[in-house]
$ cat final18.cif   # mmCIF, C-alpha atoms
data_model
#
loop_
_atom_site.label_atom_id
_atom_site.label_comp_id
_atom_site.auth_asym_id
_atom_site.auth_seq_id
_atom_site.Cartn_x
_atom_site.Cartn_y
_atom_site.Cartn_z
CA MET M 1 -22.23 144.66 -204.24
CA ALA M 2 -19.97 145.76 -201.39
CA ALA M 3 -16.29 145.90 -202.07
CA GLY M 4 -15.57 143.34 -199.38
CA ALA M 5 -17.83 140.81 -201.10
CA LEU M 6 -16.40 141.25 -204.55
CA PRO M 7 -15.16 138.02 -206.13
CA SER M 8 -12.10 139.92 -207.31
CA ARG M 9 -10.75 139.56 -203.80
CA ARG M 10 -9.85 136.02 -204.84
CA VAL M 11 -9.55 136.37 -208.61
CA LEU M 12 -6.08 137.88 -208.66
CA ALA M 13 -4.50 135.07 -206.66
CA ALA M 14 -6.15 132.33 -208.72
CA ASP M 15 -5.42 133.90 -212.10
CA SER M 16 -1.87 134.72 -211.06
CA LEU M 17 -1.25 131.08 -210.24
CA VAL M 18 -2.56 129.98 -213.64
CA SER M 19 -0.55 132.58 -215.53
CA LEU M 20 2.58 131.96 -213.48
CA ALA M 21 2.31 128.22 -214.03
CA SER M 22 2.18 128.70 -217.81
CA ASN M 23 4.86 131.36 -218.15
CA VAL M 24 7.24 130.11 -215.50
CA PHE M 25 7.10 126.58 -216.91
CA GLY M 26 8.52 127.88 -220.18
CA ALA M 27 11.24 129.87 -218.40
CA MET M 28 12.00 126.97 -216.06
CA SER M 29 12.29 124.51 -218.94
CA ASN M 30 14.71 126.87 -220.69
CA LEU M 31 16.76 127.18 -217.52
CA ILE M 32 16.86 123.41 -216.99
CA PHE M 33 17.85 122.90 -220.63
CA TRP M 34 20.86 125.20 -220.33
CA VAL M 35 21.89 123.85 -216.93
CA VAL M 36 21.84 120.28 -218.28
CA ALA M 37 23.71 121.44 -221.38
CA ALA M 38 26.35 123.07 -219.14
CA PHE M 39 26.89 119.76 -217.34
CA LEU M 40 27.14 117.72 -220.56
CA TYR M 41 28.89 120.08 -222.98
CA SER M 42 31.84 122.45 -222.84
CA ALA M 43 31.24 126.13 -222.15
CA ALA M 44 32.36 126.93 -225.70
CA ASP M 45 29.76 124.57 -227.19
CA VAL M 46 27.06 125.99 -224.92
CA GLY M 47 28.03 129.51 -225.96
CA SER M 48 27.93 128.85 -229.69
CA ALA M 49 24.67 126.92 -229.41
CA GLY M 50 23.10 129.66 -227.30
CA VAL M 51 23.97 132.29 -229.88
CA VAL M 52 22.53 130.19 -232.73
CA ILE M 53 19.32 129.39 -230.83
CA GLY M 54 18.90 132.97 -229.61
CA ALA M 55 19.42 134.33 -233.12
CA ALA M 56 16.91 131.85 -234.54
CA LEU M 57 14.30 132.80 -231.93
CA GLY M 58 14.81 136.51 -232.58
CA LEU M 59 14.63 136.15 -236.35
CA SER M 60 11.53 133.97 -236.00
CA THR M 61 9.81 136.68 -233.99
CA LEU M 62 10.81 139.28 -236.58
CA SER M 63 9.48 137.13 -239.43
CA ASN M 64 6.30 136.20 -237.60
CA PHE M 65 4.82 139.72 -237.95
CA GLY M 66 2.69 139.15 -234.85
CA MET M 67 0.51 136.76 -236.87
CA GLY M 68 0.04 134.46 -233.91
CA THR M 69 -1.53 137.10 -231.69
CA LEU M 70 -3.70 138.31 -234.55
CA ALA M 71 -4.85 134.73 -235.11
CA THR M 72 -6.23 134.52 -231.58
CA GLN M 73 -8.40 137.58 -232.20
CA TYR M 74 -9.35 137.32 -235.86
CA LEU M 75 -9.38 133.62 -236.74
CA PRO M 76 -12.79 133.06 -235.09
CA MET M 77 -14.14 135.98 -237.20
CA SER M 78 -12.74 134.75 -240.51
CA GLY M 79 -15.52 132.23 -241.09
CA SER M 80 -15.29 130.50 -244.47
CA LEU M 81 -11.98 132.27 -245.15
CA ALA M 82 -10.28 130.61 -242.17
CA MET M 83 -8.46 127.95 -244.19
CA ARG M 84 -7.31 130.52 -246.76
CA TRP M 85 -6.04 132.76 -243.96
CA PHE M 86 -4.24 129.78 -242.44
CA PHE M 87 -2.32 128.95 -245.64
CA ARG M 88 -1.59 132.56 -246.60
CA SER M 89 -0.21 133.41 -243.18
CA HIS M 90 1.99 130.31 -243.29
CA TYR M 91 3.31 131.20 -246.73
CA ALA M 92 4.08 134.80 -245.71
CA VAL M 93 5.82 133.80 -242.49
CA PHE M 94 7.77 130.95 -244.10
CA THR M 95 9.01 133.16 -246.94
CA ALA M 96 9.98 136.03 -244.65
CA SER M 97 11.80 133.61 -242.34
CA LEU M 98 13.90 132.20 -245.16
CA VAL M 99 14.86 135.72 -246.23
CA THR M 100 15.81 136.91 -242.73
CA GLY M 101 17.62 133.67 -241.94
CA THR M 102 19.64 133.91 -245.15
CA ALA M 103 20.49 137.55 -244.48
CA PHE M 104 21.72 136.62 -241.01
CA VAL M 105 24.13 133.91 -242.20
CA ILE M 106 25.52 136.36 -244.77
CA VAL M 107 26.44 139.03 -242.20
CA ALA M 108 27.03 136.87 -239.10
CA PRO M 109 30.47 135.53 -238.05
CA ARG M 110 29.98 132.10 -239.60
CA SER M 111 33.32 130.74 -238.41
CA LEU M 112 32.26 131.30 -234.79
CA LEU M 113 28.67 130.09 -235.13
CA PHE M 114 28.72 127.21 -237.59
CA GLY M 115 31.01 124.24 -238.02
CA SER M 116 30.23 123.33 -241.62
CA PRO M 117 28.51 124.65 -244.77
CA THR M 118 25.64 122.26 -244.06
CA GLU M 119 24.91 124.02 -240.78
CA VAL M 120 24.96 127.37 -242.57
CA ALA M 121 22.50 126.11 -245.18
CA MET M 122 20.18 124.59 -242.58
CA PHE M 123 19.92 127.70 -240.39
CA PRO M 124 17.35 129.59 -242.54
CA VAL M 125 15.22 126.44 -242.70
CA LEU M 126 15.30 126.11 -238.91
CA VAL M 127 14.26 129.76 -238.57
CA ALA M 128 11.35 129.16 -240.94
CA ILE M 129 10.14 126.08 -239.07
CA LEU M 130 10.42 127.87 -235.75
CA SER M 131 8.45 130.85 -237.12
CA ILE M 132 5.65 128.53 -238.24
CA SER M 133 5.57 126.89 -234.81
CA MET M 134 5.03 130.31 -233.20
CA LEU M 135 1.71 130.58 -235.04
CA TYR M 136 0.21 127.46 -233.52
CA ASP M 137 -0.20 128.25 -229.84
CA PRO M 138 -2.33 131.41 -230.41
CA ALA M 139 -4.06 129.86 -233.45
CA ALA M 140 -5.14 126.89 -231.33
CA SER M 141 -6.40 129.33 -228.69
CA GLY M 142 -8.42 131.17 -231.33
CA LEU M 143 -10.02 127.86 -232.33
CA GLY M 144 -10.90 126.99 -228.74
CA ARG M 145 -8.11 124.42 -228.35
CA ALA M 146 -5.62 126.23 -226.12
CA ARG M 147 -4.63 122.93 -224.52
CA TRP M 148 -2.99 121.88 -227.80
CA GLY M 149 -0.44 124.66 -227.42
CA ALA M 150 0.18 123.77 -223.78
CA LEU M 151 0.65 120.11 -224.69
CA ALA M 152 3.05 121.04 -227.49
CA ASN M 153 5.10 123.22 -225.13
CA VAL M 154 5.37 120.45 -222.56
CA SER M 155 6.27 117.93 -225.28
CA HIS M 156 8.97 120.22 -226.65
CA ALA M 157 10.46 120.76 -223.18
CA MET M 158 10.58 117.04 -222.41
CA MET M 159 11.86 115.93 -225.81
CA ARG M 160 14.75 118.36 -225.89
CA LEU M 161 15.85 117.29 -222.40
CA LEU M 162 15.83 113.66 -223.52
CA LEU M 163 17.85 114.45 -226.64
CA LEU M 164 20.58 116.45 -224.88
CA PRO M 165 22.30 113.44 -223.22
CA LEU M 166 21.91 111.38 -226.39
CA PHE M 167 23.70 113.92 -228.55
CA ALA M 168 26.35 114.42 -225.85
CA VAL M 169 27.28 110.73 -226.02
CA VAL M 170 27.75 110.73 -229.80
CA PRO M 171 29.30 113.49 -229.40
CA PHE M 172 28.05 116.26 -231.67
CA GLY M 173 29.36 119.31 -229.78
CA THR M 174 27.59 122.58 -230.58
CA ILE M 175 25.34 121.03 -233.20
CA GLY M 176 24.14 118.52 -230.60
CA VAL M 177 22.71 121.29 -228.40
CA VAL M 178 21.14 123.00 -231.41
CA LEU M 179 19.58 119.76 -232.67
CA ALA M 180 18.23 118.93 -229.21
CA TRP M 181 16.40 122.27 -229.27
CA PHE M 182 15.11 122.26 -232.85
CA LEU M 183 14.45 118.60 -233.66
CA PRO M 184 11.33 118.42 -231.44
CA VAL M 185 9.98 121.52 -233.20
CA THR M 186 10.35 119.87 -236.62
CA ILE M 187 8.38 116.90 -235.28
CA LEU M 188 5.61 118.94 -233.64
CA VAL M 189 4.99 121.39 -236.52
CA PRO M 190 3.47 118.81 -238.95
CA ILE M 191 1.37 117.29 -236.17
CA LEU M 192 -0.05 120.65 -235.12
CA SER M 193 -0.60 121.67 -238.76
CA VAL M 194 -2.79 118.64 -239.38
CA ALA M 195 -4.63 119.12 -236.08
CA ILE M 196 -5.43 122.79 -236.73
CA MET M 197 -6.49 122.19 -240.34
CA SER M 198 -8.74 119.36 -239.15
CA ARG M 199 -10.21 121.64 -236.51
CA ILE M 200 -10.96 124.32 -239.11
CA GLY M 201 -12.48 121.79 -241.49
CA THR M 202 -14.67 119.96 -238.97
CA THR M 203 -16.17 122.98 -237.19
CA LYS M 204 -19.01 125.25 -238.27
CA LEU M 205 -16.45 127.99 -238.71
CA THR M 206 -16.25 127.34 -242.45
CA GLU M 207 -20.03 127.76 -242.77
CA ILE M 208 -20.04 131.25 -241.26
CA ALA M 209 -19.72 134.36 -243.40
CA PRO M 210 -16.50 136.22 -242.55
CA ARG M 211 -16.87 139.44 -240.58
CA GLN M 212 -15.58 142.66 -242.08
CA ILE M 213 -12.40 143.79 -240.34
CA ARG M 214 -11.32 147.40 -240.62
CA ARG M 215 -7.79 147.84 -241.89
CA GLY M 216 -7.07 150.57 -239.34
CA GLN M 217 -8.05 148.30 -236.46
CA LEU M 218 -5.94 145.50 -237.91
CA LEU M 219 -2.90 147.77 -238.15
CA ARG M 220 -3.37 148.99 -234.58
CA ASP M 221 -3.59 145.43 -233.29
CA PHE M 222 -0.52 144.54 -235.35
CA ARG M 223 1.55 147.33 -233.80
CA LYS M 224 0.27 146.50 -230.33
CA SER M 225 1.29 142.83 -230.62
CA PHE M 226 4.37 142.94 -232.85
CA ALA M 227 6.37 145.82 -231.35
CA PRO M 228 6.60 144.46 -227.77
CA ALA M 229 7.35 140.94 -229.04
CA LEU M 230 10.09 142.24 -231.31
CA LEU M 231 11.71 144.30 -228.55
CA ALA M 232 11.51 141.35 -226.17
CA ALA M 233 13.29 139.17 -228.75
CA LEU M 234 16.16 141.59 -229.39
CA VAL M 235 18.02 140.93 -226.13
CA PRO M 236 18.09 137.09 -226.35
CA ALA M 237 18.91 137.37 -230.05
CA LEU M 238 21.67 140.01 -229.99
CA LEU M 239 23.20 140.01 -226.51
CA PRO M 240 24.70 136.47 -226.71
CA LEU M 241 26.13 137.36 -230.12
CA ILE M 242 27.67 140.56 -228.71
CA VAL M 243 29.22 138.61 -225.83
CA MET M 244 30.65 135.94 -228.12
CA VAL M 245 32.11 138.40 -230.63
CA THR M 246 33.73 140.54 -227.93
CA LEU M 247 34.68 137.91 -225.32
CA GLY M 248 34.71 134.53 -227.07
CA ARG M 249 32.69 131.31 -227.08
CA GLU M 250 33.45 130.25 -223.49
CA GLN M 251 32.38 133.57 -222.01
CA ALA M 252 29.21 133.35 -224.10
CA GLY M 253 28.55 129.96 -222.50
CA TYR M 254 28.92 131.40 -218.99
CA TYR M 255 26.59 134.23 -219.96
CA ILE M 256 23.92 131.93 -221.48
CA VAL M 257 23.58 129.79 -218.35
CA THR M 258 23.77 132.72 -215.92
CA PHE M 259 21.34 134.98 -217.75
CA SER M 260 18.80 132.16 -218.12
CA LEU M 261 18.44 132.37 -214.32
CA VAL M 262 17.79 136.10 -214.57
CA MET M 263 15.31 135.71 -217.42
CA MET M 264 13.35 133.08 -215.50
CA LEU M 265 12.78 135.54 -212.67
CA ALA M 266 12.00 138.40 -215.05
CA VAL M 267 9.30 136.21 -216.63
CA LEU M 268 7.90 135.45 -213.18
CA MET M 269 7.70 139.17 -212.46
CA SER M 270 5.99 140.07 -215.73
CA ALA M 271 3.60 137.11 -215.52
CA THR M 272 1.70 138.81 -212.69
CA VAL M 273 0.71 141.76 -214.88
CA GLY M 274 -1.76 139.96 -217.16
CA PRO M 275 -3.99 138.53 -214.39
CA PHE M 276 -4.10 141.91 -212.64
CA VAL M 277 -5.13 143.74 -215.82
CA THR M 278 -7.80 141.12 -216.56
CA ALA M 279 -9.18 141.19 -213.03
CA ALA M 280 -9.17 145.01 -212.96
CA GLY M 281 -11.19 145.05 -216.16
CA ASP M 282 -13.72 142.52 -214.83
CA TYR M 283 -14.05 143.99 -211.33
CA ALA M 284 -13.26 147.67 -211.78
CA THR M 285 -15.04 148.76 -208.60
CA ASP M 286 -12.53 146.78 -206.53
CA LEU M 287 -9.45 148.26 -208.22
CA ALA M 288 -8.10 149.48 -204.88
CA GLY M 289 -8.17 145.99 -203.39
CA LEU M 290 -6.70 144.47 -206.52
CA THR M 291 -3.91 147.05 -206.53
CA TYR M 292 -2.97 146.23 -202.93
CA ARG M 293 -2.92 142.53 -203.74
CA PHE M 294 -0.93 143.07 -206.90
CA GLY M 295 1.59 145.10 -204.92
CA PHE M 296 1.80 142.37 -202.30
CA VAL M 297 2.50 139.75 -204.97
CA LEU M 298 5.20 141.94 -206.52
CA VAL M 299 6.86 142.59 -203.14
CA LEU M 300 7.00 138.86 -202.43
CA ALA M 301 8.34 138.15 -205.91
CA THR M 302 10.95 140.89 -205.53
CA LEU M 303 12.21 139.61 -202.18
CA ALA M 304 12.29 135.99 -203.32
CA SER M 305 13.98 136.80 -206.63
CA THR M 306 16.61 139.05 -205.04
CA MET M 307 17.51 136.46 -202.42
CA PHE M 308 17.62 133.70 -205.02
CA LEU M 309 19.99 135.59 -207.33
CA ALA M 310 22.22 136.88 -204.53
CA ILE M 311 22.49 133.74 -202.37
CA ILE M 312 21.23 130.53 -203.99
CA ALA M 313 22.07 130.98 -207.68
CA PRO M 314 25.85 131.51 -207.22
CA THR M 315 26.02 128.23 -205.29
CA GLY M 316 24.20 126.50 -208.14
CA LEU M 317 26.66 127.89 -210.67
CA GLY M 318 29.50 126.57 -208.51
CA ILE M 319 28.02 123.08 -208.71
CA ILE M 320 28.07 123.26 -212.51
CA GLY M 321 31.67 124.46 -212.49
CA GLU M 322 33.87 126.91 -210.65
CA ASP M 323 34.38 128.94 -213.83
CA TYR M 324 30.62 129.46 -214.10
CA ARG M 325 30.53 130.93 -210.58
CA THR M 326 33.66 133.02 -211.13
CA TYR M 327 32.38 134.71 -214.27
CA GLY M 328 28.64 134.51 -213.64
CA GLY M 329 28.59 135.47 -209.94
CA PRO M 330 29.09 139.24 -210.44
CA LEU M 331 26.45 139.21 -213.17
CA LEU M 332 23.97 137.59 -210.74
CA ALA M 333 24.73 140.16 -208.02
CA LEU M 334 24.06 143.07 -210.36
CA ALA M 335 20.90 141.41 -211.67
CA ALA M 336 19.70 140.98 -208.07
CA ALA M 337 20.10 144.73 -207.56
CA ALA M 338 17.97 145.35 -210.66
CA ILE M 339 14.99 143.24 -209.52
CA PRO M 340 13.23 146.07 -207.58
CA PHE M 341 13.37 148.22 -210.71
CA LEU M 342 11.72 145.41 -212.69
CA ALA M 343 8.93 145.30 -210.09
CA LEU M 344 8.32 149.04 -210.47
CA GLN M 345 8.19 148.64 -214.24
CA ALA M 346 5.67 145.83 -213.84
CA PHE M 347 3.42 148.22 -211.93
CA TYR M 348 3.86 150.88 -214.60
CA GLY M 349 3.15 148.41 -217.40
CA ALA M 350 0.01 147.17 -215.69
CA PHE M 351 -1.52 150.63 -215.30
CA SER M 352 -0.46 151.64 -218.80
CA GLN M 353 -2.35 148.63 -220.14
CA LEU M 354 -5.38 149.59 -218.07
CA ARG M 355 -5.28 153.01 -219.75
CA ARG M 356 -4.64 151.26 -223.07
CA ASP M 357 -1.56 153.43 -223.42
CA TYR M 358 0.63 150.84 -225.10
CA ARG M 359 2.94 153.42 -226.64
CA LYS M 360 4.48 154.28 -223.28
CA VAL M 361 5.04 150.61 -222.50
CA ILE M 362 6.78 150.14 -225.84
CA ALA M 363 8.83 153.32 -225.33
CA SER M 364 10.06 152.19 -221.90
CA GLN M 365 10.84 148.74 -223.30
CA PHE M 366 12.81 150.32 -226.14
CA LEU M 367 14.80 152.49 -223.71
CA SER M 368 15.72 149.46 -221.59
CA THR M 369 16.68 147.31 -224.59
CA ALA M 370 18.75 150.02 -226.27
CA THR M 371 20.64 150.87 -223.06
CA LEU M 372 21.47 147.22 -222.36
CA LEU M 373 22.64 146.41 -225.88
CA LEU M 374 24.66 149.61 -226.29
CA GLY M 375 26.29 149.24 -222.88
CA ALA M 376 27.28 145.63 -223.56
CA THR M 377 28.60 146.49 -227.02
CA ILE M 378 30.75 149.38 -225.79
CA PHE M 379 32.09 148.03 -222.49
CA ALA M 380 32.04 144.20 -222.60
CA GLY M 381 35.28 143.96 -224.56
CA GLN M 382 37.14 145.96 -221.91
CA TYR M 383 35.48 144.87 -218.66
CA GLY M 384 34.13 141.40 -219.45
CA LEU M 385 30.81 139.88 -218.42
CA VAL M 386 30.46 142.25 -215.48
CA ALA M 387 29.88 145.02 -218.04
CA VAL M 388 26.75 143.17 -219.17
CA GLY M 389 25.55 143.15 -215.56
CA TRP M 390 26.18 146.86 -215.10
CA SER M 391 24.46 147.60 -218.41
CA PHE M 392 21.44 145.57 -217.29
CA LEU M 393 21.30 147.38 -213.95
CA LEU M 394 21.70 150.79 -215.60
CA ALA M 395 18.99 150.03 -218.18
CA GLU M 396 16.43 148.99 -215.57
CA ALA M 397 17.34 151.84 -213.20
CA LEU M 398 17.03 154.39 -216.00
CA VAL M 399 13.58 153.19 -217.01
CA ALA M 400 12.50 153.03 -213.36
CA ALA M 401 13.57 156.66 -212.87
CA VAL M 402 11.53 157.72 -215.90
CA VAL M 403 8.35 155.88 -214.87
CA PHE M 404 8.57 156.42 -211.09
CA VAL M 405 6.38 159.53 -210.83
CA PRO M 406 3.66 158.34 -213.27
CA THR M 407 3.56 154.98 -211.47
CA VAL M 408 3.14 156.56 -208.03
CA ARG M 409 0.35 158.80 -209.36
CA ALA M 410 -1.42 155.83 -210.95
CA ILE M 411 -1.18 153.78 -207.75
CA ARG M 412 -2.52 156.67 -205.66
CA ALA M 413 -5.43 157.17 -208.07
CA ALA M 414 -6.25 153.46 -208.02
CA THR M 415 -6.08 153.03 -204.25
CA ARG M 416 -8.40 156.02 -203.72
CA MET M 417 -11.18 154.14 -205.50
CA ARG M 418 -13.31 153.16 -202.55
CA GLU M 419 -16.76 153.90 -203.94
CA PRO M 420 -18.55 151.19 -205.96
CA GLY M 421 -19.13 152.25 -209.54
CA ARG M 422 -16.53 154.98 -209.46
CA ALA M 423 -14.32 155.10 -212.53
CA TYR M 424 -10.55 154.94 -212.37
CA ARG M 425 -8.75 157.73 -214.15
CA GLY M 426 -5.02 157.56 -214.62
CA ALA M 427 -2.59 160.41 -214.28
CA ALA M 428 -3.39 161.50 -217.81
CA GLY M 429 -7.08 161.69 -216.95
CA SER M 430 -8.23 158.88 -219.26
CA THR M 431 -10.92 156.59 -217.93
CA VAL M 432 -9.65 153.04 -217.50
CA ALA M 433 -12.63 151.22 -216.13
CA THR M 434 -16.15 152.08 -215.12
#

$ encode --input "final18.cif" --output "structure tokens"
Amino acid sequence: MAAGALPSRRVLAADSLVSLASNVFGAMSNLIFWVVAAFLYSAADVGSAGVVIGAALGLSTLSNFGMGTLATQYLPMSGSLAMRWFFRSHYAVFTASLVTGTAFVIVAPRSLLFGSPTEVAMFPVLVAILSISMLYDPAASGLGRARWGALANVSHAMMRLLLLPLFAVVPFGTIGVVLAWFLPVTILVPILSVAIMSRIGTTKLTEIAPRQIRRGQLLRDFRKSFAPALLAALVPALLPLIVMVTLGREQAGYYIVTFSLVMMLAVLMSATVGPFVTAAGDYATDLAGLTYRFGFVLVLATLASTMFLAIIAPTGLGIIGEDYRTYGGPLLALAAAAIPFLALQAFYGAFSQLRRDYRKVIASQFLSTATLLLGATIFAGQYGLVAVGWSFLLAEALVAAVVFVPTVRAIRAATRMREPGRAYRGAAGSTVAT
């Protein structure tokens, strides 16, 4: 088939739209949640709630052990052991979550985060419930019911937005924001548990003999899924806490709302990688065309994101409150300068995945995370929120400098693929697709 007639000429755009719709919806719903919270609650309440929610999400990811991603791959192979795997994974995750949640409340600044002993006691339970909920989206996908996870995500987004004004009227303060986030999860977890158990029990899955899974392969898949998820959770879990400890609850509130704008655009940027990698694997002989289209999408996303952060977002913060624009505006400007570096890293991550070289992706992610957290810890107390912005810019620029040459080489190798059937070999010489 000639390259010009390859279906992959249209696959990237279609898949990108699907992936972007799913990922950006989650980021958009988070952004809307915090913007609404900023209108209804004080900056101090938003800051404390953001730290609690971020810590719970990070601890849930840590306690999840990547079980959700493994479920997508291995649950269909487990056959008659599917129900046993389901209960054992729940028990392991629930127990680990209680332990990590308890350890956090022991070492965390409880006077800043929690208003009563009841809130302290409930935090590990919330972490455990949230960890269990993280199993369900990929587990439903593994059982051929991916729409259940999508429906649950939409339900969670809508329910928490409905609860925010209700708890603001009472008023509950910080605990109102936290309850608005977590109460829908406590409602959805039992419903999804019953649905997934029913799905396992009513399908022919339980009649199939389980396939033998090599322990080495399982460990490799665990590292591949857990390490990136853990690194991605460190920033939303630790950075708000660092800001609150060094600058106070109000500054943490300004950071939470401002950085949710940045994270939404970062998700949009990274969401384009998956469809490109999938399309490149399915239509390897058109890798050159796919690479050009992927680059075009990233350029558009970079321009739109930079303009949004530099021009539109500060005006939006001013509508919420002048203090939000005063303290969040410089952070947005520095984040806008970092967007091109994120685009370059997206290119690097995409070609690393094509080469199945996940270690380099994890290493670059670790470098970025460590630089950001260390910079904020050292300089935020002296220079304020702008130090977080400079740390973010430095982290992304540093990683971009490290990956620049390998990325350019990979792009050149991919765009030289003009002959049907020719294999792509990355800079390291490993065959990616044939």

$ residues_around --input "final18.cif" --residues "Pro109 of chain M" --least-positions-apart "2" --cutoff "12 Å" --atoms "all atoms listed in the file" --output "list in words"
Ser48, Val51, Val52, Phe104, Val105, Ile106, Val107, Ser111, Leu112, Leu113, Phe114, Gly115, Val120, Leu241, Ile242, Met244, Val245, Thr246, Gly248 and Arg249 of chain M

$ atom_distance --input "final18.cif" --atom1 "atom CA of Ala121 of chain M" --atom2 "atom CA of Ala227 of chain M"
29.0 Å

$ closest_residue --input "final18.cif" --among "M:Thr302, M:Asn64, M:Thr95, M:Ser391" --to "Phe341 of chain M" --atoms "only C-alpha atoms"
M:Thr302

$ resolve_selection --input "final18.cif" --expression "the PyMOL selection byres ((chain M and resi 377-380) around 10)" --output "list in words"
Leu238, Leu239, Leu241, Ile242, Val243, Val245, Thr246, Leu247, Thr371, Leu372, Leu373, Leu374, Gly375, Ala376, Gly381, Gln382, Tyr383, Gly384, Leu385, Val386, Ala387, Val388, Gly389, Trp390 and Ser391 of chain M

$ atom_distance --input "final18.cif" --atom1 "atom CA of Thr186 of chain M" --atom2 "atom CA of Ile53 of chain M"
14.3 Å

$ closest_residue --input "final18.cif" --among "M:Val399, M:Met28, M:Met197, M:Leu298" --to "Asn153 of chain M" --atoms "only C-alpha atoms"
M:Met28

$ atom_distance --input "final18.cif" --atom1 "atom CA of Leu162 of chain M" --atom2 "atom CA of Ala49 of chain M"
17.0 Å
